file structure_4.cif (mmCIF, C-alpha atoms)
data_coords
loop_
_atom_site.group_PDB
_atom_site.id
_atom_site.type_symbol
_atom_site.label_atom_id
_atom_site.label_comp_id
_atom_site.auth_asym_id
_atom_site.auth_seq_id
_atom_site.Cartn_x
_atom_site.Cartn_y
_atom_site.Cartn_z
ATOM 1 C CA MET V 1 0.000 0.000 0.000
ATOM 2 C CA ALA V 2 1.429 3.364 -1.030
ATOM 3 C CA ARG V 3 1.843 6.050 1.576
ATOM 4 C CA SER V 4 0.043 9.328 1.227
ATOM 5 C CA TYR V 5 1.847 12.361 2.576
ATOM 6 C CA VAL V 6 0.168 15.490 3.847
ATOM 7 C CA LYS V 7 1.975 18.785 4.275
ATOM 8 C CA MET V 8 0.998 19.350 7.892
ATOM 9 C CA GLU V 9 2.702 22.731 8.190
ATOM 10 C CA MET V 10 0.427 24.085 5.468
ATOM 11 C CA LEU V 11 -2.637 23.004 7.445
ATOM 12 C CA ALA V 12 -1.455 24.655 10.652
ATOM 13 C CA GLU V 13 -3.191 28.001 10.114
ATOM 14 C CA ALA V 14 -6.482 26.387 9.160
ATOM 15 C CA VAL V 15 -6.303 24.023 12.137
ATOM 16 C CA PHE V 16 -5.714 26.892 14.581
ATOM 17 C CA ARG V 17 -8.571 28.916 13.056
ATOM 18 C CA ARG V 18 -10.887 25.956 13.520
ATOM 19 C CA LYS V 19 -9.674 25.412 17.091
ATOM 20 C CA GLU V 20 -10.411 29.076 17.873
ATOM 21 C CA ALA V 21 -13.897 28.566 16.434
ATOM 22 C CA GLY V 22 -14.426 25.857 19.061
ATOM 23 C CA GLU V 23 -13.920 22.620 17.143
ATOM 24 C CA THR V 24 -12.249 19.686 18.853
ATOM 25 C CA ASN V 25 -9.103 17.954 17.626
ATOM 26 C CA ARG V 26 -11.169 14.885 16.742
ATOM 27 C CA GLU V 27 -13.568 16.913 14.544
ATOM 28 C CA ILE V 28 -10.675 18.611 12.782
ATOM 29 C CA ALA V 29 -8.879 15.293 12.242
ATOM 30 C CA THR V 30 -11.910 13.565 10.719
ATOM 31 C CA SER V 31 -12.624 16.502 8.384
ATOM 32 C CA TYR V 32 -9.077 16.374 6.993
ATOM 33 C CA GLY V 33 -8.895 12.590 6.972
ATOM 34 C CA LEU V 34 -6.064 12.517 9.508
ATOM 35 C CA SER V 35 -5.608 10.793 12.831
ATOM 36 C CA LEU V 36 -6.212 12.489 16.144
ATOM 37 C CA TYR V 37 -2.551 11.920 17.011
ATOM 38 C CA GLN V 38 -1.404 13.858 13.925
ATOM 39 C CA ILE V 39 -3.500 16.879 14.869
ATOM 40 C CA LYS V 40 -2.312 16.762 18.490
ATOM 41 C CA GLN V 41 1.323 16.641 17.370
ATOM 42 C CA LEU V 42 0.794 19.489 14.900
ATOM 43 C CA VAL V 43 -0.720 21.702 17.597
ATOM 44 C CA ALA V 44 2.040 20.823 20.079
ATOM 45 C CA ARG V 45 4.789 21.489 17.506
ATOM 46 C CA GLN V 46 3.316 24.859 16.493
ATOM 47 C CA ASN V 47 2.860 25.919 20.129
ATOM 48 C CA ARG V 48 6.469 24.946 20.886
ATOM 49 C CA LYS V 49 7.708 27.034 17.935
ATOM 50 C CA ARG V 50 5.571 29.999 19.010
ATOM 51 C CA ARG V 51 6.914 29.849 22.591
ATOM 52 C CA LYS V 52 10.513 29.741 21.362
ATOM 53 C CA ILE V 53 9.997 32.718 19.055
ATOM 54 C CA GLU V 54 8.354 34.702 21.863
ATOM 55 C CA ALA V 55 11.344 33.897 24.092
ATOM 56 C CA GLY V 56 13.686 35.429 21.502
ATOM 57 C CA TYR V 57 14.943 32.284 19.763
ATOM 58 C CA LEU V 58 15.390 32.701 16.020
ATOM 59 C CA PRO V 59 14.788 29.358 14.322
ATOM 60 C CA LYS V 60 17.334 28.251 11.747
ATOM 61 C CA PRO V 61 16.169 26.793 8.460
ATOM 62 C CA LYS V 62 16.315 23.010 8.376
ATOM 63 C CA GLY V 63 18.493 20.975 6.056
ATOM 64 C CA ARG V 64 21.683 21.633 4.173
ATOM 65 C CA PRO V 65 22.579 25.319 3.837
ATOM 66 C CA ARG V 66 22.287 26.823 0.384
ATOM 67 C CA LYS V 67 25.390 27.812 -1.530
ATOM 68 C CA ASN V 68 24.216 31.410 -1.970
ATOM 69 C CA ALA V 69 22.587 31.831 1.435
ATOM 70 C CA THR V 70 24.926 34.576 2.652
ATOM 71 C CA ASP V 71 23.726 37.872 4.008
ATOM 72 C CA GLU V 72 24.585 41.174 2.362
ATOM 73 C CA ALA V 73 27.556 42.013 4.622
ATOM 74 C CA THR V 74 29.195 38.625 4.057
ATOM 75 C CA ARG V 75 28.646 38.906 0.306
ATOM 76 C CA VAL V 76 30.287 42.350 0.227
ATOM 77 C CA GLN V 77 33.256 41.129 2.300
ATOM 78 C CA ASN V 78 33.752 38.145 -0.005
ATOM 79 C CA GLU V 79 33.598 40.377 -3.072
ATOM 80 C CA LEU V 80 36.153 42.730 -1.506
ATOM 81 C CA LYS V 81 38.544 39.841 -0.789
ATOM 82 C CA GLU V 82 38.153 38.571 -4.330
ATOM 83 C CA LEU V 83 38.911 41.999 -5.810
ATOM 84 C CA ARG V 84 42.002 42.399 -3.597
ATOM 85 C CA MET V 85 43.273 39.007 -4.748
ATOM 86 C CA GLN V 86 42.780 40.034 -8.376
ATOM 87 C CA VAL V 87 44.678 43.297 -7.833
ATOM 88 C CA GLU V 88 47.542 41.418 -6.180
ATOM 89 C CA LEU V 89 47.619 38.925 -9.059
ATOM 90 C CA LEU V 90 47.746 41.716 -11.648
ATOM 91 C CA ARG V 91 50.492 43.555 -9.740
ATOM 92 C CA ASN V 92 52.566 40.381 -9.577
ATOM 93 C CA PHE V 93 52.052 39.844 -13.288
ATOM 94 C CA LEU V 94 53.184 43.384 -14.085
ATOM 95 C CA CYS V 95 56.282 42.958 -11.876
ATOM 96 C CA GLU V 96 57.178 39.720 -13.665
ATOM 97 C CA VAL V 97 56.781 41.314 -17.066
ATOM 98 C CA GLY V 98 58.928 44.235 -15.938
ATOM 99 C CA ARG V 99 56.433 46.981 -16.542
ATOM 100 C CA ARG V 100 56.486 48.203 -12.954
#

call {"tool": "encode", "arguments": {"input": "structure_4.cif", "output": "C-alpha cells"}}
result
Amino acid sequence: MARSYVKMEMLAEAVFRRKEAGETNREIATSYGLSLYQIKQLVARQNRKRRKIEAGYLPKPKGRPRKNATDEATRVQNELKELRMQVELLRNFLCEVGRR
C-alpha cells in the first residue's frame, strides 16, 4: 500500500482557526482525513515554535545550507577579498613582465 503524505505545516493556520472557532481535535482530524494523534502533534509542535519565538529564539532553516545563502555584509566582504586578490595577481604579473 502506497503512503500518502500530507503537508501538515500548510494546514497549521487552518487548524488553529478551527480550534479558535471551538472545534475539537477529533472533529478537525476527521474533516481532513487525519488521525487524532497527527492533529495533536501538529498543535504541540506549532505551540512549541511559538513559545521559542516569543522567548527570543530565532529558528534556523532546516536541512543543508544553500550555496548562496549569505547575508549582504558577508557577500560584500567576499567580493572585496576577491577583488584584492585580483589586484595582487595583476600587480605580480606586471612585476614579472617588468612593466612596474

call {"tool": "resolve_selection", "arguments": {"input": "structure_4.cif", "expression": "the PyMOL selection byres ((chain V and resi 11-15) around 8)", "output": "compact mmCIF listing (two decimals) with C-alpha atoms, keeping the file's coordinate frame"}}
result
# COMPACT_ATOMS: atom_id res chain seq x y z
CA LYS V 7 1.98 18.78 4.28
CA MET V 8 1.00 19.35 7.89
CA GLU V 9 2.70 22.73 8.19
CA MET V 10 0.43 24.08 5.47
CA PHE V 16 -5.71 26.89 14.58
CA ARG V 17 -8.57 28.92 13.06
CA ARG V 18 -10.89 25.96 13.52
CA LYS V 19 -9.67 25.41 17.09
CA ILE V 28 -10.68 18.61 12.78
CA LEU V 42 0.79 19.49 14.90
CA VAL V 43 -0.72 21.70 17.60
CA GLN V 46 3.32 24.86 16.49

call {"tool": "axis_aligned_box", "arguments": {"input": "structure_4.cif", "around": "range 56-72 of chain V", "padding_each_side": "4 Å", "output": "JSON"}}
result
{"center_x": 19.5, "center_y": 31.1, "center_z": 9.8, "size_x": 19.7, "size_y": 28.2, "size_z": 31.5}

call {"tool": "closest_residue", "arguments": {"input": "structure_4.cif", "among": "V:Asn25, V:Asp71, V:Leu80, V:Leu90", "to": "Ala44 in chain V", "atoms": "all atoms listed in the file"}}
result
V:Asn25

call {"tool": "resolve_selection", "arguments": {"input": "structure_4.cif", "expression": "the PyMOL selection byres ((chain V and resi 26) around 12)", "output": "JSON, numbers by chain"}}
result
{"V": [15, 18, 19, 22, 23, 24, 25, 27, 28, 29, 30, 31, 32, 33, 34, 35, 36, 37, 38, 39, 40]}

call {"tool": "atom_distance", "arguments": {"input": "structure_4.cif", "atom1": "CA of Arg75 in chain V", "atom2": "CA of Val87 in chain V"}}
result
18.5 Å

call {"tool": "atom_distance", "arguments": {"input": "structure_4.cif", "atom1": "CA of Arg45 in chain V", "atom2": "CA of Arg66 in chain V"}}
result
25.1 Å

call {"tool": "atom_distance", "arguments": {"input": "structure_4.cif", "atom1": "CA of Asn47 in chain V", "atom2": "CA of Glu20 in chain V"}}
result
13.8 Å

call {"tool": "build_atoms", "arguments": {"input": "structure_4.cif", "residues": "range 16-37 of chain V", "atoms": "N, CA, C and O atoms", "output": "compact mmCIF listing (two decimals), in the coordinates of the input"}}
result
# COMPACT_ATOMS: atom_id res chain seq x y z
N PHE V 16 -5.60 25.96 13.46
CA PHE V 16 -5.71 26.89 14.58
C PHE V 16 -6.96 27.78 14.45
O PHE V 16 -7.58 28.11 15.46
N ARG V 17 -7.33 28.16 13.24
CA ARG V 17 -8.57 28.92 13.06
C ARG V 17 -9.77 28.10 13.51
O ARG V 17 -10.66 28.61 14.18
N ARG V 18 -9.77 26.82 13.14
CA ARG V 18 -10.89 25.96 13.52
C ARG V 18 -10.90 25.69 15.02
O ARG V 18 -11.97 25.59 15.62
N LYS V 19 -9.72 25.60 15.64
CA LYS V 19 -9.67 25.41 17.09
C LYS V 19 -10.20 26.66 17.81
O LYS V 19 -10.90 26.54 18.81
N GLU V 20 -9.89 27.85 17.28
CA GLU V 20 -10.41 29.08 17.87
C GLU V 20 -11.92 29.16 17.72
O GLU V 20 -12.59 29.77 18.56
N ALA V 21 -12.45 28.56 16.65
CA ALA V 21 -13.90 28.57 16.43
C ALA V 21 -14.60 27.59 17.37
O ALA V 21 -15.83 27.58 17.45
N GLY V 22 -13.83 26.74 18.07
CA GLY V 22 -14.43 25.86 19.06
C GLY V 22 -14.50 24.40 18.67
O GLY V 22 -15.09 23.60 19.39
N GLU V 23 -13.90 24.03 17.54
CA GLU V 23 -13.92 22.62 17.14
C GLU V 23 -12.90 21.83 17.95
O GLU V 23 -11.88 22.36 18.38
N THR V 24 -13.17 20.55 18.13
CA THR V 24 -12.25 19.69 18.85
C THR V 24 -11.21 19.12 17.89
O THR V 24 -11.39 19.17 16.66
N ASN V 25 -10.14 18.58 18.45
CA ASN V 25 -9.10 17.95 17.63
C ASN V 25 -9.67 16.80 16.82
O ASN V 25 -9.32 16.60 15.67
N ARG V 26 -10.58 16.04 17.43
CA ARG V 26 -11.17 14.88 16.74
C ARG V 26 -11.98 15.33 15.53
O ARG V 26 -11.91 14.73 14.46
N GLU V 27 -12.77 16.41 15.67
CA GLU V 27 -13.57 16.91 14.54
C GLU V 27 -12.67 17.41 13.42
O GLU V 27 -12.93 17.16 12.24
N ILE V 28 -11.61 18.10 13.78
CA ILE V 28 -10.68 18.61 12.78
C ILE V 28 -9.99 17.45 12.07
O ILE V 28 -9.85 17.46 10.84
N ALA V 29 -9.58 16.44 12.82
CA ALA V 29 -8.88 15.29 12.24
C ALA V 29 -9.77 14.55 11.26
O ALA V 29 -9.33 14.20 10.16
N THR V 30 -11.02 14.31 11.62
CA THR V 30 -11.91 13.56 10.72
C THR V 30 -12.22 14.37 9.46
O THR V 30 -12.35 13.81 8.37
N SER V 31 -12.31 15.70 9.58
CA SER V 31 -12.62 16.50 8.38
C SER V 31 -11.47 16.51 7.39
O SER V 31 -11.68 16.59 6.18
N TYR V 32 -10.23 16.41 7.88
CA TYR V 32 -9.08 16.37 6.99
C TYR V 32 -8.66 14.95 6.64
O TYR V 32 -7.74 14.76 5.85
N GLY V 33 -9.26 13.97 7.24
CA GLY V 33 -8.90 12.59 6.97
C GLY V 33 -7.58 12.20 7.64
O GLY V 33 -6.86 11.36 7.12
N LEU V 34 -7.29 12.81 8.78
CA LEU V 34 -6.06 12.52 9.51
C LEU V 34 -6.41 11.85 10.83
O LEU V 34 -7.57 11.76 11.21
N SER V 35 -5.37 11.39 11.52
CA SER V 35 -5.61 10.79 12.83
C SER V 35 -5.60 11.88 13.91
O SER V 35 -5.04 12.97 13.71
N LEU V 36 -6.19 11.57 15.02
CA LEU V 36 -6.21 12.49 16.14
C LEU V 36 -4.80 12.79 16.61
O LEU V 36 -4.46 13.92 16.95
N TYR V 37 -3.94 11.77 16.59
CA TYR V 37 -2.55 11.92 17.01
C TYR V 37 -1.83 12.94 16.13
O TYR V 37 -1.05 13.76 16.62
